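Report on one structure; see the data block that follows.
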Amino acid sequence: MRTYLVTGGAGFIGSNYIHYMFRKYGSEIRIINVDALTYAGNLENLKDLENNDNYSFVRADITDRDAIADIFKNNDIDRVVHFAAESHVDRSIKDPEVFVITNVVGTATMLNCAKAAWELPDGTFKEGKKFLHVSTDEVFGSLPDDGKSYFYETTPFSPHSPYSASKAGSDLLVKAYMDTYKFPANITNTSNNYGPYQFPEKLIPLLIHNSLEGRDLPVYGDGMNIRDWLYVDDHAKGIDMVMEQGRLFETYNIGGHNEKRNIEIVNLVIETLLELLPDDDPRKKNVSKDLIKFVEDRKGHDRRYAIAPDKIKKEVGWEPETTFEVGIKKTIKWYLENPEWFERVTSGAYQEYYEKMYG
């Protein structure tokens, strides 16, 4: 049985990945989820796995070398999927140091512990071991608003926020371990993910929540910034395919081919909510484009991101399957059908869950 160590598995992408893996492989795999349970880590995302003998949770910070080393010591880890990171740009602008510690120092800790556990006396590594570092397209900076240029794996890094700079640093650390030690790893850089379980500081769940509550929908600047959107299950599939079929030491871009301006996203969320909400739902009267409020632009706000997933399609056979029009409806339906999740996340009550379940 193959054993996976997933860092940040209680977060948005990590929890969706764990669900995807158990749907695909079932009892053929074992997953150890290590998460510090900061504000965006929510074990309720994985409630359905509590009685699964092949799933276990360890509360630990990825910067805690002793805790991470113990996990490797007590388990024969075959795969590491490293999601854990501070990921919100606005928070990084207010508190950059936290992002450097978690994203750079934490990644170095994960690399060192995996290297110590997997390295043989001759400097090679145990067969079948692999480390996959999950990163972002934001490390590449900003593209012209021309609809023609794209981020490729060879695009030079040009981060513009403390968040993207810390992720670029972690990417370069992984690359250095691959180059220096021939450490068995891959790096993936992805576009904006959306789907279930996303903490409502990010654009789409924030828009859904505020619309249902009749609150302002803040839009930075002129709302014309462009992002490439990827449904989270498509991303999970891409990670799994790179892990199993990608060439060692390579970087793969995982992009959605769904470029949308921020204001388009806002309007589409409002229109979809009005379409999906029944007329007798009292929340429907709160949903209106009158809630849109343009606010001062974010510092260092990149204009456009767009990933070219040519390499992963050619070498691994992955391509996005979910169009944005389908994915956004699936996403909004999930949030509408899980109002208690929204309520507990926004109230902070979800943080009580760990104490109740794990003491």
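Identifiers in the structure tokens: chain A, B, ... in order shown; residue index from 1 per chain; ligand index from 1 in order shown.
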
Assign secondary structure with DSSP using the backbone only, and return the residues of range 104-297 of chain A in alpha helix (DSSP H) as an MDAnalysis selection string.
chainID A and resid 106:118 162:181 203:213 232:245 262:276

May I have a table of the residues of range 118-158 of chain A lying at most 10 Å from range 62-86 of chain A, giving each one's closest pair of atoms and their distance in Å to one decimal, counting only C-alpha atoms, ordered by chain and ascending residue number, as a Markdown table?
```
| residue | atom | partner | partner_atom | distance |
| --- | --- | --- | --- | --- |
| A:Trp118 | CA | A:Ile77 | CA | 8.7 |
| A:Lys126 | CA | A:Asp78 | CA | 9.3 |
| A:Glu127 | CA | A:Asp78 | CA | 9.2 |
| A:Gly128 | CA | A:Asp78 | CA | 6.7 |
| A:Lys129 | CA | A:Asp78 | CA | 4.8 |
| A:Lys130 | CA | A:Arg79 | CA | 5.1 |
| A:Phe131 | CA | A:Val80 | CA | 4.6 |
| A:Leu132 | CA | A:Val81 | CA | 5.0 |
| A:His133 | CA | A:His82 | CA | 5.0 |
| A:Val134 | CA | A:Phe83 | CA | 5.5 |
| A:Ser135 | CA | A:Phe83 | CA | 7.8 |
```

Step one, run DSSP on the backbone; step two, keep only residues of range 28-91 of chain A assigned to strand (DSSP E); then write them as a PDB file with N, CA, C and O atoms, in the first residue's frame.
```pdb
ATOM      1  N   ILE A  29      -4.544   3.093  -1.085  1.00  0.00           N
ATOM      2  CA  ILE A  29      -3.598   4.088  -0.580  1.00  0.00           C
ATOM      3  C   ILE A  29      -3.886   4.414   0.882  1.00  0.00           C
ATOM      4  O   ILE A  29      -4.968   4.140   1.401  1.00  0.00           O
ATOM      5  N   ARG A  30      -2.883   5.011   1.511  1.00  0.00           N
ATOM      6  CA  ARG A  30      -3.019   5.536   2.868  1.00  0.00           C
ATOM      7  C   ARG A  30      -2.581   6.989   2.819  1.00  0.00           C
ATOM      8  O   ARG A  30      -1.573   7.323   2.170  1.00  0.00           O
ATOM      9  N   ILE A  31      -3.328   7.858   3.493  1.00  0.00           N
ATOM     10  CA  ILE A  31      -2.986   9.288   3.500  1.00  0.00           C
ATOM     11  C   ILE A  31      -2.833   9.771   4.933  1.00  0.00           C
ATOM     12  O   ILE A  31      -3.716   9.564   5.771  1.00  0.00           O
ATOM     13  N   ILE A  32      -1.694  10.412   5.195  1.00  0.00           N
ATOM     14  CA  ILE A  32      -1.458  11.112   6.460  1.00  0.00           C
ATOM     15  C   ILE A  32      -1.546  12.600   6.169  1.00  0.00           C
ATOM     16  O   ILE A  32      -0.786  13.129   5.348  1.00  0.00           O
ATOM     17  N   ASN A  33      -2.470  13.260   6.806  1.00  0.00           N
ATOM     18  CA  ASN A  33      -2.698  14.684   6.599  1.00  0.00           C
ATOM     19  C   ASN A  33      -2.047  15.451   7.745  1.00  0.00           C
ATOM     20  O   ASN A  33      -2.435  15.293   8.906  1.00  0.00           O
ATOM     21  N   VAL A  34      -1.055  16.269   7.432  1.00  0.00           N
ATOM     22  CA  VAL A  34      -0.433  17.103   8.465  1.00  0.00           C
ATOM     23  C   VAL A  34      -0.795  18.559   8.194  1.00  0.00           C
ATOM     24  O   VAL A  34      -0.617  19.058   7.083  1.00  0.00           O
ATOM     25  N   ASP A  35      -1.351  19.204   9.221  1.00  0.00           N
ATOM     26  CA  ASP A  35      -1.831  20.576   9.051  1.00  0.00           C
ATOM     27  C   ASP A  35      -1.710  21.289  10.395  1.00  0.00           C
ATOM     28  O   ASP A  35      -1.993  20.705  11.441  1.00  0.00           O
ATOM     29  N   TYR A  55      -6.920   6.771   6.559  1.00  0.00           N
ATOM     30  CA  TYR A  55      -6.704   8.213   6.685  1.00  0.00           C
ATOM     31  C   TYR A  55      -6.357   8.542   8.127  1.00  0.00           C
ATOM     32  O   TYR A  55      -6.980   8.032   9.061  1.00  0.00           O
ATOM     33  N   SER A  56      -5.349   9.390   8.316  1.00  0.00           N
ATOM     34  CA  SER A  56      -5.020   9.857   9.659  1.00  0.00           C
ATOM     35  C   SER A  56      -4.613  11.322   9.608  1.00  0.00           C
ATOM     36  O   SER A  56      -4.157  11.829   8.574  1.00  0.00           O
ATOM     37  N   PHE A  57      -4.798  11.996  10.726  1.00  0.00           N
ATOM     38  CA  PHE A  57      -4.479  13.420  10.820  1.00  0.00           C
ATOM     39  C   PHE A  57      -3.450  13.653  11.911  1.00  0.00           C
ATOM     40  O   PHE A  57      -3.529  13.074  13.001  1.00  0.00           O
ATOM     41  N   VAL A  58      -2.455  14.498  11.606  1.00  0.00           N
ATOM     42  CA  VAL A  58      -1.462  14.930  12.584  1.00  0.00           C
ATOM     43  C   VAL A  58      -1.452  16.452  12.604  1.00  0.00           C
ATOM     44  O   VAL A  58      -1.240  17.081  11.559  1.00  0.00           O
ATOM     45  N   ARG A  59      -1.694  17.023  13.782  1.00  0.00           N
ATOM     46  CA  ARG A  59      -1.596  18.479  13.874  1.00  0.00           C
ATOM     47  C   ARG A  59      -0.145  18.859  14.124  1.00  0.00           C
ATOM     48  O   ARG A  59       0.435  18.544  15.172  1.00  0.00           O
ATOM     49  N   ARG A  79       5.137   9.107  -0.876  1.00  0.00           N
ATOM     50  CA  ARG A  79       4.847  10.328  -1.630  1.00  0.00           C
ATOM     51  C   ARG A  79       4.613  11.476  -0.664  1.00  0.00           C
ATOM     52  O   ARG A  79       3.900  11.318   0.328  1.00  0.00           O
ATOM     53  N   VAL A  80       5.200  12.622  -0.960  1.00  0.00           N
ATOM     54  CA  VAL A  80       4.870  13.848  -0.247  1.00  0.00           C
ATOM     55  C   VAL A  80       4.202  14.796  -1.239  1.00  0.00           C
ATOM     56  O   VAL A  80       4.752  15.058  -2.313  1.00  0.00           O
ATOM     57  N   VAL A  81       3.020  15.289  -0.886  1.00  0.00           N
ATOM     58  CA  VAL A  81       2.341  16.314  -1.685  1.00  0.00           C
ATOM     59  C   VAL A  81       2.252  17.549  -0.798  1.00  0.00           C
ATOM     60  O   VAL A  81       1.514  17.564   0.196  1.00  0.00           O
ATOM     61  N   HIS A  82       3.022  18.554  -1.149  1.00  0.00           N
ATOM     62  CA  HIS A  82       3.258  19.702  -0.264  1.00  0.00           C
ATOM     63  C   HIS A  82       2.395  20.897  -0.685  1.00  0.00           C
ATOM     64  O   HIS A  82       2.782  21.702  -1.534  1.00  0.00           O
TER      65      HIS A  82
END
```

What's the 10 Å shell around Gly147 in chain A, counting only C-alpha atoms, without same-chain residues fewer than 4 positions away, as a tab-separated table (two decimals) with N, CA and C atoms, in the first residue's frame?
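Output (out12.tsv):
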```tsv
chain	number	residue	atom	x	y	z
A	143	LEU	N	1.32	39.58	-16.79
A	143	LEU	CA	1.38	39.54	-18.25
A	143	LEU	C	0.71	40.77	-18.86
A	226	ILE	N	-7.20	40.26	-14.92
A	226	ILE	CA	-7.56	38.96	-15.51
A	226	ILE	C	-6.86	37.83	-14.76
A	259	GLU	N	-9.68	32.25	-18.83
A	259	GLU	CA	-9.35	33.63	-18.46
A	259	GLU	C	-10.62	34.45	-18.30
A	304	ARG	N	-2.57	40.63	-15.25
A	304	ARG	CA	-3.10	39.44	-15.93
A	304	ARG	C	-2.23	38.23	-15.65
A	305	TYR	N	-2.89	37.10	-15.37
A	305	TYR	CA	-2.23	35.79	-15.30
A	305	TYR	C	-2.86	34.89	-16.34
A	306	ALA	N	-2.04	34.12	-17.01
A	306	ALA	CA	-2.55	33.10	-17.94
A	306	ALA	C	-1.49	32.03	-18.11
```

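Using only C-alpha atoms, the shortest contact distance between Val6 in chain A and any of A:Leu37, A:Ile18, A:Leu120, A:Leu43 is found at A:Ile18.
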
Atomic separation - CA of Pro96 in chain A relative to CA of Asp179 in chain A, Å
28.1 Å

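Comparing the minimum interatomic distances between Ile270 in chain A and each of A:Lys284, A:Lys24, A:Lys289, A:Arg227, counting only C-alpha atoms, we find that A:Lys289 sits nearest.
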
Compare A:Thr136, A:Ser161, A:Ser149, A:Asn42 by their minimum atom-to-atom distance to Lys94 in chain A, counting only C-alpha atoms, and give me the closest one.
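Of A:Thr136, A:Ser161, A:Ser149, A:Asn42, the one nearest Lys94 in chain A, counting only C-alpha atoms, is A:Ser161.
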
A:Ile263, A:Val326, A:Ala108, A:Ala114 ranked by distance to Tyr194 in chain A, top pick (using only C-alpha atoms)
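Ranking A:Ile263, A:Val326, A:Ala108, A:Ala114 by distance to Tyr194 in chain A, first place goes to A:Val326.
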
Sorted by chain and rising residue number, list the residues of range 165-188 of chain A at most 10 Å from range 240-246 of chain A (counting only C-alpha atoms), each with its closest atom pair and distance in Å to one decimal, as JSON lines.
```
{"residue": "A:Ala185", "atom": "CA", "partner": "A:Met243", "partner_atom": "CA", "distance": 8.7}
{"residue": "A:Asn186", "atom": "CA", "partner": "A:Met243", "partner_atom": "CA", "distance": 7.5}
{"residue": "A:Ile187", "atom": "CA", "partner": "A:Val242", "partner_atom": "CA", "distance": 9.0}
{"residue": "A:Thr188", "atom": "CA", "partner": "A:Val242", "partner_atom": "CA", "distance": 8.3}
```

Would you please work out which residue, of A:Leu212, A:Ala168, A:Val266, A:Ala10, is nearest to Asp281 in chain A when using only C-alpha atoms?
A:Leu212

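Compared by their closest atoms to Gly41 in chain A, and using only C-alpha atoms, the residues A:Ala60, A:Met21, A:Val287, A:Val232 rank with A:Ala60 nearest.
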